[in-house]
Amino acid sequence: MAKKLVIKVTAGADAPERCSQAFTVAAVAVASGVDVSLWLTGESSWFAVPGRAAEFELPHAARLPDLLDALLAGGRVTLCTQCAARRDLTEKDVIEGVRIAGAQVFVQEALADDTQALVY
């Protein structure tokens, strides 16, 4: 098992099952002691904004705000720079603890030793 897990989630409310799977896997990994970095891209970018995760609903799934809180407490959450710019989001618009970073940082994290990368 990899010591680090990088997860890029591209789906949001447009593909709720895929979105929920990404957050669930990331939160379970954090709870299991894995070093997790979750990247919000595409439509999932909106979940970096306060209150937006609470609007997400999927029957029989863990609440997205709870999963996001677990990730912020025990892992890293990053909003893609380009995705933020396309949505006019800046550091002042996002939840405390969410960083904004670009492709160079994603590639660096994904290619690090003992790292597994997943994309949802």
# chains A, B, ... in the order shown; residues from 1 in each chain; ligands from 1

call {"tool": "residues_around", "arguments": {"residues": "His60 in chain A", "least_positions_apart": "3", "cutoff": "12 Å", "atoms": "only C-alpha atoms", "output": "list of chain:residue names"}}
result
A:Pro16, A:Glu17, A:Ser20, A:Gln21, A:Glu57, A:Arg63, A:Leu64

call {"tool": "residues_around", "arguments": {"residues": "range 113-115 of chain A", "least_positions_apart": "5", "cutoff": "12 Å", "atoms": "only C-alpha atoms", "output": "PyMOL selection string"}}
result
chain A and resi 1-7+34-37+106-108

call {"tool": "select_by_dssp", "arguments": {"residues": "range 35-102 of chain A", "states": "helix (DSSP H, G or I)", "output": "ChimeraX atom specification"}}
result
/A:42-48,53-55,64-74,81-86,91-93

call {"tool": "write_last_selection", "arguments": {"atoms": "N, CA and C atoms", "output": "PDB file, in the first residue's frame"}}
result
ATOM      1  N   GLY A  42     -12.453  21.064 -11.889  1.00  0.00           N
ATOM      2  CA  GLY A  42     -13.736  21.025 -12.595  1.00  0.00           C
ATOM      3  C   GLY A  42     -14.866  21.442 -11.675  1.00  0.00           C
ATOM      4  N   GLU A  43     -15.980  20.731 -11.767  1.00  0.00           N
ATOM      5  CA  GLU A  43     -17.168  21.093 -10.988  1.00  0.00           C
ATOM      6  C   GLU A  43     -16.998  20.891  -9.488  1.00  0.00           C
ATOM      7  N   SER A  44     -16.051  20.053  -9.074  1.00  0.00           N
ATOM      8  CA  SER A  44     -15.834  19.893  -7.634  1.00  0.00           C
ATOM      9  C   SER A  44     -15.192  21.137  -7.025  1.00  0.00           C
ATOM     10  N   SER A  45     -14.697  22.029  -7.864  1.00  0.00           N
ATOM     11  CA  SER A  45     -14.074  23.263  -7.380  1.00  0.00           C
ATOM     12  C   SER A  45     -15.003  24.044  -6.459  1.00  0.00           C
ATOM     13  N   TRP A  46     -16.290  23.976  -6.730  1.00  0.00           N
ATOM     14  CA  TRP A  46     -17.266  24.734  -5.937  1.00  0.00           C
ATOM     15  C   TRP A  46     -17.280  24.306  -4.480  1.00  0.00           C
ATOM     16  N   PHE A  47     -16.821  23.088  -4.161  1.00  0.00           N
ATOM     17  CA  PHE A  47     -16.839  22.630  -2.778  1.00  0.00           C
ATOM     18  C   PHE A  47     -15.755  23.281  -1.935  1.00  0.00           C
ATOM     19  N   ALA A  48     -14.901  24.087  -2.547  1.00  0.00           N
ATOM     20  CA  ALA A  48     -13.923  24.872  -1.793  1.00  0.00           C
ATOM     21  C   ALA A  48     -14.574  26.126  -1.203  1.00  0.00           C
ATOM     22  N   ALA A  53     -20.639  22.540   0.022  1.00  0.00           N
ATOM     23  CA  ALA A  53     -20.702  21.096   0.265  1.00  0.00           C
ATOM     24  C   ALA A  53     -22.023  20.716   0.925  1.00  0.00           C
ATOM     25  N   ALA A  54     -22.580  21.605   1.726  1.00  0.00           N
ATOM     26  CA  ALA A  54     -23.853  21.330   2.408  1.00  0.00           C
ATOM     27  C   ALA A  54     -25.013  21.221   1.419  1.00  0.00           C
ATOM     28  N   GLU A  55     -24.862  21.776   0.240  1.00  0.00           N
ATOM     29  CA  GLU A  55     -25.908  21.718  -0.785  1.00  0.00           C
ATOM     30  C   GLU A  55     -25.906  20.387  -1.537  1.00  0.00           C
ATOM     31  N   LEU A  64     -21.282  15.176   2.529  1.00  0.00           N
ATOM     32  CA  LEU A  64     -20.071  15.774   1.971  1.00  0.00           C
ATOM     33  C   LEU A  64     -19.399  16.758   2.934  1.00  0.00           C
ATOM     34  N   PRO A  65     -20.157  17.586   3.676  1.00  0.00           N
ATOM     35  CA  PRO A  65     -19.468  18.476   4.623  1.00  0.00           C
ATOM     36  C   PRO A  65     -18.668  17.715   5.678  1.00  0.00           C
ATOM     37  N   ASP A  66     -19.178  16.567   6.114  1.00  0.00           N
ATOM     38  CA  ASP A  66     -18.450  15.770   7.107  1.00  0.00           C
ATOM     39  C   ASP A  66     -17.163  15.206   6.512  1.00  0.00           C
ATOM     40  N   LEU A  67     -17.252  14.714   5.283  1.00  0.00           N
ATOM     41  CA  LEU A  67     -16.057  14.179   4.621  1.00  0.00           C
ATOM     42  C   LEU A  67     -15.029  15.281   4.402  1.00  0.00           C
ATOM     43  N   LEU A  68     -15.488  16.436   3.960  1.00  0.00           N
ATOM     44  CA  LEU A  68     -14.582  17.561   3.723  1.00  0.00           C
ATOM     45  C   LEU A  68     -13.917  18.012   5.025  1.00  0.00           C
ATOM     46  N   ASP A  69     -14.682  18.058   6.109  1.00  0.00           N
ATOM     47  CA  ASP A  69     -14.105  18.428   7.410  1.00  0.00           C
ATOM     48  C   ASP A  69     -13.007  17.454   7.821  1.00  0.00           C
ATOM     49  N   ALA A  70     -13.252  16.156   7.599  1.00  0.00           N
ATOM     50  CA  ALA A  70     -12.254  15.142   7.943  1.00  0.00           C
ATOM     51  C   ALA A  70     -10.983  15.331   7.117  1.00  0.00           C
ATOM     52  N   LEU A  71     -11.161  15.667   5.847  1.00  0.00           N
ATOM     53  CA  LEU A  71     -10.008  15.878   4.976  1.00  0.00           C
ATOM     54  C   LEU A  71      -9.231  17.124   5.371  1.00  0.00           C
ATOM     55  N   LEU A  72      -9.933  18.170   5.723  1.00  0.00           N
ATOM     56  CA  LEU A  72      -9.254  19.396   6.146  1.00  0.00           C
ATOM     57  C   LEU A  72      -8.521  19.192   7.466  1.00  0.00           C
ATOM     58  N   ALA A  73      -9.054  18.333   8.327  1.00  0.00           N
ATOM     59  CA  ALA A  73      -8.438  18.088   9.627  1.00  0.00           C
ATOM     60  C   ALA A  73      -7.226  17.165   9.538  1.00  0.00           C
ATOM     61  N   GLY A  74      -7.276  16.188   8.606  1.00  0.00           N
ATOM     62  CA  GLY A  74      -6.222  15.194   8.597  1.00  0.00           C
ATOM     63  C   GLY A  74      -5.437  15.060   7.315  1.00  0.00           C
ATOM     64  N   THR A  81      -5.630  25.973  -9.554  1.00  0.00           N
ATOM     65  CA  THR A  81      -5.476  27.391  -9.884  1.00  0.00           C
ATOM     66  C   THR A  81      -6.343  27.806 -11.065  1.00  0.00           C
ATOM     67  N   GLN A  82      -6.268  27.070 -12.165  1.00  0.00           N
ATOM     68  CA  GLN A  82      -7.055  27.429 -13.354  1.00  0.00           C
ATOM     69  C   GLN A  82      -8.552  27.293 -13.095  1.00  0.00           C
ATOM     70  N   CYS A  83      -8.934  26.252 -12.363  1.00  0.00           N
ATOM     71  CA  CYS A  83     -10.354  26.038 -12.060  1.00  0.00           C
ATOM     72  C   CYS A  83     -10.883  27.177 -11.195  1.00  0.00           C
ATOM     73  N   ALA A  84     -10.066  27.622 -10.245  1.00  0.00           N
ATOM     74  CA  ALA A  84     -10.451  28.756  -9.402  1.00  0.00           C
ATOM     75  C   ALA A  84     -10.608  30.012 -10.253  1.00  0.00           C
ATOM     76  N   ALA A  85      -9.662  30.265 -11.125  1.00  0.00           N
ATOM     77  CA  ALA A  85      -9.708  31.460 -11.969  1.00  0.00           C
ATOM     78  C   ALA A  85     -10.946  31.457 -12.874  1.00  0.00           C
ATOM     79  N   ARG A  86     -11.286  30.298 -13.433  1.00  0.00           N
ATOM     80  CA  ARG A  86     -12.470  30.222 -14.312  1.00  0.00           C
ATOM     81  C   ARG A  86     -13.758  30.496 -13.559  1.00  0.00           C
ATOM     82  N   GLU A  91      -8.259  33.218  -2.884  1.00  0.00           N
ATOM     83  CA  GLU A  91      -8.010  32.717  -1.528  1.00  0.00           C
ATOM     84  C   GLU A  91      -9.062  33.217  -0.541  1.00  0.00           C
ATOM     85  N   LYS A  92      -9.562  34.432  -0.730  1.00  0.00           N
ATOM     86  CA  LYS A  92     -10.544  34.983   0.215  1.00  0.00           C
ATOM     87  C   LYS A  92     -11.922  34.342   0.063  1.00  0.00           C
ATOM     88  N   ASP A  93     -12.158  33.630  -1.028  1.00  0.00           N
ATOM     89  CA  ASP A  93     -13.453  33.010  -1.280  1.00  0.00           C
ATOM     90  C   ASP A  93     -13.569  31.575  -0.780  1.00  0.00           C
TER      91      ASP A  93
END

call {"tool": "closest_residue", "arguments": {"among": "A:Gly51, A:Gly75, A:Gly97, A:Gly12", "to": "Gly33 in chain A", "atoms": "only C-alpha atoms"}}
result
A:Gly75

call {"tool": "closest_residue", "arguments": {"among": "A:Val94, A:Leu38, A:Leu79, A:Ala61", "to": "Ala110 in chain A", "atoms": "only C-alpha atoms"}}
result
A:Leu38

call {"tool": "select_by_dssp", "arguments": {"residues": "range 22-83 of chain A", "states": "strand (DSSP E)", "output": "JSON, numbers by chain"}}
result
{"A": [35, 36, 37, 38, 39, 40, 76, 77, 78, 79, 80]}
